[in-house]
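Asks: Below you'll find the structure I mean.
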Amino acid sequence: MFASLVAMLNFGLWAFLNRPKQIDDWSGKIGGLAYNAFQRYQSPILGLYPSEQELASDIRLLSKHTKRLRTYSSAESPQVPRIAAFYDMEVMAGAWIDRRMRNNEVELEGLIALSRKHPNITRAMVGNEVLLRADISVKQLIGYIDRARAQLKIPVSTAEPFFIWERNPELADHVDFISVHLLPYWEKLPRKDAINFTLGQYHRLKELFPDKHIVIAEIGWPSAGDRKEYAKPSIEDEAQFLREWFNVAERENIDYYVMEAIDQPWKEALAGRVEAYWGMFNAAREPKFALTGKVVEDPSWPIKAIAACLLAFLPMFWFARHFMRFYVTGILFFLGLIQLSASVVVWSVSVPLAFYLSPLDWIMFLLLVPAQIAIILILLINGFEFTEVLWRPRWLRHFNLLQPSPPADQPFVSIHLACCNEPPEMVILTLDSLAALDYQNYEVLVIDNNTKREDVWKPVEEHCARLGERFRFFHLNPWEGFKAGALNFGLEQTDPRAEVVAVVDADYVVREDWLSSLTGYFHDPKVAVVQCPQAHRDFEHNAFRRMTAWEYDGFFRIGMHHRNERNAIIQHGTMTMVRKDLLVGTGAWSEWTICEDAELGLRLMHAGHDLVYVDDLLGKGLTPADFTAYKSQRYRWAFGAMQIMKARFGWMTRKDSPLSRGQKFHFLTGWFSWFADALHLVFTMMAIAWTIGMVGWPKYFSLPMELFLIPIIGFFVSKAVFGIVLYRKRVPCSWHDTIMASIASMGLSHAIARGIFLGLWKKKGEFVRTAKSRRLSSKPSAFASVREELLMFLALLACIFGMINSNAITYTEGKLWIGILAAQAIPYASALIGAWVAHQSNEAMA
């Protein structure tokens with residue numbers, strides 16, 4: 001029912017957006033049509049010309065609507081006057097004049113010869129917008145006109161826009177009539193004002209040249225292309241303008257030729273996208289609109305709407321059937337998101353049916369459509385999380401702290417603390433909190449691996465000795481395998497009585513009931529892991545640590561609950577407990593990945609075990625010490641995630657995999673947001689390159705179509721809204737903290753993208769320690785960690801200024817493109833802000 005309702009609403013929305021428009025009818029003949037004969041893939045640039053059969057077919061079609069044609073060249077398709085005579089049509093023949101002097105002679109001689117040969121050529125045009133293009137001087141043009149007039153007995157003129165005639169009144173002395181182009185689109189006028197503007201210029205010409213007959217040699221409106229400020233090309237506006245003009249011209253007895261009879265896609269390469277769409281017929285020789293009755297902008301909209309409904313229906317039905325436990329608002333919201341996504345896909349893939357794509361347009365199309373599908377998938381994944389978090393009645397899998405078991409029932413826990421080059425005072429604080437645990441059956445193994453300086457590891461060893469036999473210290477140097485290697489060594493040293501292995505980072509201060517309130521979950525033999533959130537302390541008065549602490553908190557308050565619903569949490573390497581026999585029996589800690597914790601969690605799920613997530617802060621650590629450490633940690637997570645994805649891809653895709661559908665979903669899509677960061681980097685590089693092309697070589701690089709740009713902007717906005725709403729709902733922080741956490745998160749985008757690409761490319765990565773309390777080496781400078789982000793930000797800024805100072809700023813697509821460039825710059829600006837806040841915070845604390 002819900003799926004059907006949303007599908008019907010979708011069809012209704014398509015119908016509303018394409019509702020027919022009533023326009024004044026026109027049932028008579030059209031005054032005249034400007035005619036270029038080139039077919040869809042023909043072009044004078046390529047030397048591909050229409051055959052006589054194609055010319056005859058065109059003229060037969062046009063003869064049903066007008067008795068007059070205007071041509072532009074006499075050297076190209078000289079058969080037109082002869083064929084037109086067969087259909088009793090008059091021709092205003094043209095000679096194409098430009099900077100090619102030899103070609104000008106050929107054109108002029110051809111015009112004179114054709115006019116003498118064919119009596120249905122009733123007017124001659126020497127040149128078309130020659131002075132507008134500044135191809136030759138007024139004096140040279142007058143010379144060509146005078147030569148034609150001297151040899152012809154028919155009226156001769158040249159065609160120019162209004163202001164050329166106004167500025168060069170002497171030109172009128174050398175023509176038999178004034179031939180003017182009145183195209184209000186180029187005047188940046190809204191369509192509703194176009195007719196009055198055209199009439200105003202027409203009457204002004206009559207005042208300037210009262211003794212000359214006025215012929216409007218081009219008048220029309222484009223059906224597609226770039227918006228020119230207030231002038232918007234559309235089929236509806238073209239139909240409105242022309243049908244209104246036909247009636248006005250008949251009433252005022254105005255002599256005119258419509259620009260133009262048939263779309264000419266080849267013109268886009270010369271003068272921009274809009275030049276391809278001035279025809280009353282498209283390049284397939286089909287009428288774009290009727291001359292009577294209502295007009296619809298997209299006559300094929302019912303097919304597209306039905307396709308969108310069919311594409312979305314099964315996914316909507318499946319979702320509604322499986323998530324009836326959600327509130328109705330949530331079900332309808334997500335079904336609407338699915339349906340909207342399907343409509344965008346249909347809208348995008350139908351672009352080649354509505355536009356004439358140039359080779360560069362095809363490149364953009366083939367790049368942007370897959371990118372749009374990717375961002376739609378990411379948006380749907382984020383939307384599902386948004387829906388479940390906001391509109392579920394309750395969590396299905398919710399775990400609380402347990403009442404402590406009697407000591408006799410407590411499993412023996414071996415706590416492993418791996419450290420490398422950590423400040424000793426920080427590690428000692430962690431050890432003191434472990435010594436204060438309210439638990440009887442446990443040991444603590446401190447495994448220091450590859451710390452070179454004795455003054456760093458020796459105080460920790462001595463402190464372990466003071467804490468008693470429960471604490472054992474091991475110094476490994478050299479030792480391979482990074483943290484996983486150290487933990488595997490710890491497994492070999494673990495007390496044989498141990499049933500559970502707990503791992504805690506060297507900067508954590510744990511609550512005394514950490515073990516006593518959680519180990520009871522291991523009485524259930526299916527439970528393999530009990531996980532607490534990664535939480536932080538001592539951040540309240542440090543701006544950088546505060547913004548990062550709240551950034552981490554978002555995942556554990558939102559994403560982990562979302563994943564926990566389907567037993568698919570990410571195991572992270574601190575505040576975690578693992579059943580020892582399962583850890584050892586499935587292969588211990590994996591040393592081939594730098595995210596051994598997440599890999600272990602997936603491996604245990606694959607073995608059919610449960611992972612429990614308890615959202616209580618039973619231990620708090622320190623945030624990264626500076627932005628360099630913050631970036632390095634997230635880079636490592638992204639790199640490691642790709643290592644896992646490559647190695648365990650079959651687990652997540654094969655039908656016979658023991659992983660549930662929910663687990664497969666989360667482990668395939670859980671990193672999609674990071675893929676979005678990788679996609680962002682690719683798209684940014686492409687956008688910079690394309691912008692350079694548009695600014696430097698606008699003749700060859702055109703603006704992407706509006707319908708490609710709107711979904712991308714919609715993705716940016718939706719993703720931001722989803723994130724902020726969820727934060728305000730689930731994370732107990734202020735608006736200021738929410739914004740700063742967002743800046744911190746966005747500032748990691750470039751590091752994540754690098755981690756994704758290098759993780760996909762390389763097999764092995766290096767586990768880089770995340771500096772927490774203080775650095776034992778020199779501190780990085782303020783922007784040392786964000787040099788690449790700074791370069792990207794400056795490049796995007798330069799692109800924005802380049803676009804603002806180019807002609808593209810006059811188009812809606814140009815403004816949208818600038819908006820996209822600005823949105824792309826936000827993550828890089830966020831990285832600069834994060835690095836500066838970290839530097840200032842550390843300076844203040846020094």
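We name chains A, B, ... following the order of the structure tokens; residues begin at 1 in each chain, and ligands are numbered from 1 as shown.
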For A:Arg123, list every protein, DNA or RNA residue within 6 Å, evaluated using only C-alpha atoms, and leave out those in the same chain fewer than 4 positions away; present the list as a list in words.
Replies: Met92, Ile154 and Pro155 of chain A
Asks: Go ahead and save the residues from that selection, with all heavy atoms, as a PDB file, in the first residue's frame.
Replies:
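File out33.pdb, as written:
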ATOM      1  N   MET A  92      14.707  33.430 -50.073  1.00  0.00           N
ATOM      2  CA  MET A  92      15.594  34.570 -49.853  1.00  0.00           C
ATOM      3  C   MET A  92      16.984  33.960 -49.705  1.00  0.00           C
ATOM      4  O   MET A  92      17.343  33.421 -48.655  1.00  0.00           O
ATOM      5  CB  MET A  92      15.196  35.360 -48.599  1.00  0.00           C
ATOM      6  CG  MET A  92      16.082  36.567 -48.359  1.00  0.00           C
ATOM      7  SD  MET A  92      15.400  37.770 -47.165  1.00  0.00           S
ATOM      8  CE  MET A  92      15.603  36.872 -45.637  1.00  0.00           C
ATOM      9  N   ILE A 154      16.717  41.748 -58.281  1.00  0.00           N
ATOM     10  CA  ILE A 154      15.890  41.501 -57.090  1.00  0.00           C
ATOM     11  C   ILE A 154      16.443  42.330 -55.932  1.00  0.00           C
ATOM     12  O   ILE A 154      17.607  42.744 -55.950  1.00  0.00           O
ATOM     13  CB  ILE A 154      15.874  40.007 -56.724  1.00  0.00           C
ATOM     14  CG1 ILE A 154      17.298  39.499 -56.479  1.00  0.00           C
ATOM     15  CG2 ILE A 154      15.193  39.191 -57.817  1.00  0.00           C
ATOM     16  CD1 ILE A 154      17.359  38.062 -56.006  1.00  0.00           C
ATOM     17  N   PRO A 155      15.618  42.587 -54.896  1.00  0.00           N
ATOM     18  CA  PRO A 155      16.089  43.366 -53.748  1.00  0.00           C
ATOM     19  C   PRO A 155      17.253  42.671 -53.047  1.00  0.00           C
ATOM     20  O   PRO A 155      17.267  41.452 -52.888  1.00  0.00           O
ATOM     21  CB  PRO A 155      14.860  43.449 -52.848  1.00  0.00           C
ATOM     22  CG  PRO A 155      13.702  43.196 -53.748  1.00  0.00           C
ATOM     23  CD  PRO A 155      14.185  42.245 -54.788  1.00  0.00           C
TER      24      PRO A 155
END
Asks: Neighbouring residues of A:Pro732 were defined as those with any atom within 12 Å, considering only C-alpha atoms; residues of the same chain fewer than 5 positions away were excluded. Please report them as a list in words.
Replies: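 Listing them by chain and then by number gives Ala549, Trp550, Glu551, Asp553, Gly554, Arg557, Ile558, Leu726, Tyr727, Asp737 and Thr738 of chain A.
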Asks: Using only C-alpha atoms for the distances, tell me which of A:Leu69, A:Met740, A:Ala831, A:Met316 is nearest to A:Tyr256.
Replies: A:Leu69
Asks: Per residue of stretch 364-401 of chain A within 12 Å of stretch 599-620 of chain A, record the nearest atom pair and its distance in Å to one decimal, counting only C-alpha atoms, with rows in chain order and ascending residue number, as JSON lines.
Replies:
{"residue": "A:Trp395", "atom": "CA", "partner": "A:Tyr613", "partner_atom": "CA", "distance": 12.0}
{"residue": "A:Arg397", "atom": "CA", "partner": "A:Val612", "partner_atom": "CA", "distance": 8.6}
{"residue": "A:His398", "atom": "CA", "partner": "A:Val614", "partner_atom": "CA", "distance": 7.6}
{"residue": "A:Phe399", "atom": "CA", "partner": "A:Val614", "partner_atom": "CA", "distance": 5.3}
{"residue": "A:Asn400", "atom": "CA", "partner": "A:Val614", "partner_atom": "CA", "distance": 5.9}
{"residue": "A:Leu401", "atom": "CA", "partner": "A:Val614", "partner_atom": "CA", "distance": 7.1}
Asks: Tell me which of A:Pro265, A:Pro533, A:Pro496, A:Pro711 sits closest to A:Thr574, counting only C-alpha atoms.
Replies: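 Among A:Pro265, A:Pro533, A:Pro496, A:Pro711, it is A:Pro533 that comes nearest to A:Thr574.
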Asks: Counting only C-alpha atoms, what is within 10 Å of A:Leu242, bar same-chain residues fewer than 2 positions away, as a PDB file with C-alpha atoms, in the first residue's frame?
Replies:
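In the end it all went to selection_35.pdb:
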ATOM      1  CA  ASP A  24      -2.786  31.172 -28.414  1.00  0.00           C
ATOM      2  CA  TRP A  26      -1.967  29.430 -34.831  1.00  0.00           C
ATOM      3  CA  ILE A  30       4.269  30.854 -41.102  1.00  0.00           C
ATOM      4  CA  ILE A 195       7.253  40.171 -27.819  1.00  0.00           C
ATOM      5  CA  ILE A 219      13.165  35.840 -34.924  1.00  0.00           C
ATOM      6  CA  GLY A 220      12.712  33.005 -32.477  1.00  0.00           C
ATOM      7  CA  TRP A 221      13.403  31.449 -29.119  1.00  0.00           C
ATOM      8  CA  ASP A 237       8.758  29.158 -23.950  1.00  0.00           C
ATOM      9  CA  GLU A 238       9.623  28.602 -27.609  1.00  0.00           C
ATOM     10  CA  ALA A 239       6.023  27.581 -28.343  1.00  0.00           C
ATOM     11  CA  GLN A 240       4.629  30.506 -26.331  1.00  0.00           C
ATOM     12  CA  GLU A 244       2.159  34.632 -29.908  1.00  0.00           C
ATOM     13  CA  TRP A 245       4.479  36.160 -32.500  1.00  0.00           C
ATOM     14  CA  PHE A 246       2.651  34.585 -35.433  1.00  0.00           C
ATOM     15  CA  ASN A 247      -0.574  36.216 -34.330  1.00  0.00           C
ATOM     16  CA  VAL A 248       1.048  39.600 -33.658  1.00  0.00           C
ATOM     17  CA  VAL A 258      11.669  32.282 -37.992  1.00  0.00           C
ATOM     18  CA  MET A 280      10.739  24.453 -34.723  1.00  0.00           C
ATOM     19  CA  LEU A 291       0.674  25.068 -33.316  1.00  0.00           C
TER      20      LEU A 291
END
Asks: Neighbouring residues of stretch 449-465 of chain A were defined as those with any atom within 6 Å, considering only C-alpha atoms; residues of the same chain fewer than 2 positions away were excluded. Please report them as a VMD selection string.
Replies: chain A and resid 420 to 421 424 467 to 468 471 473 475 to 478
Asks: Next, the residues of the selection above should be written as a compact mmCIF listing (two decimals), in the first residue's frame with C-alpha atoms.
Replies:
# COMPACT_ATOMS: atom_id res chain seq x y z
CA CYS A 420 54.73 2.09 21.11
CA ASN A 421 56.67 5.24 21.90
CA PRO A 424 55.18 7.15 30.11
CA LEU A 467 51.65 -2.61 40.86
CA GLY A 468 52.33 -6.26 41.64
CA PHE A 471 50.86 -6.68 35.95
CA PHE A 473 55.61 -5.91 31.23
CA HIS A 475 59.61 -4.87 25.87
CA LEU A 476 59.93 -6.08 22.26
CA ASN A 477 62.57 -4.53 20.05
CA PRO A 478 62.64 -5.17 17.17
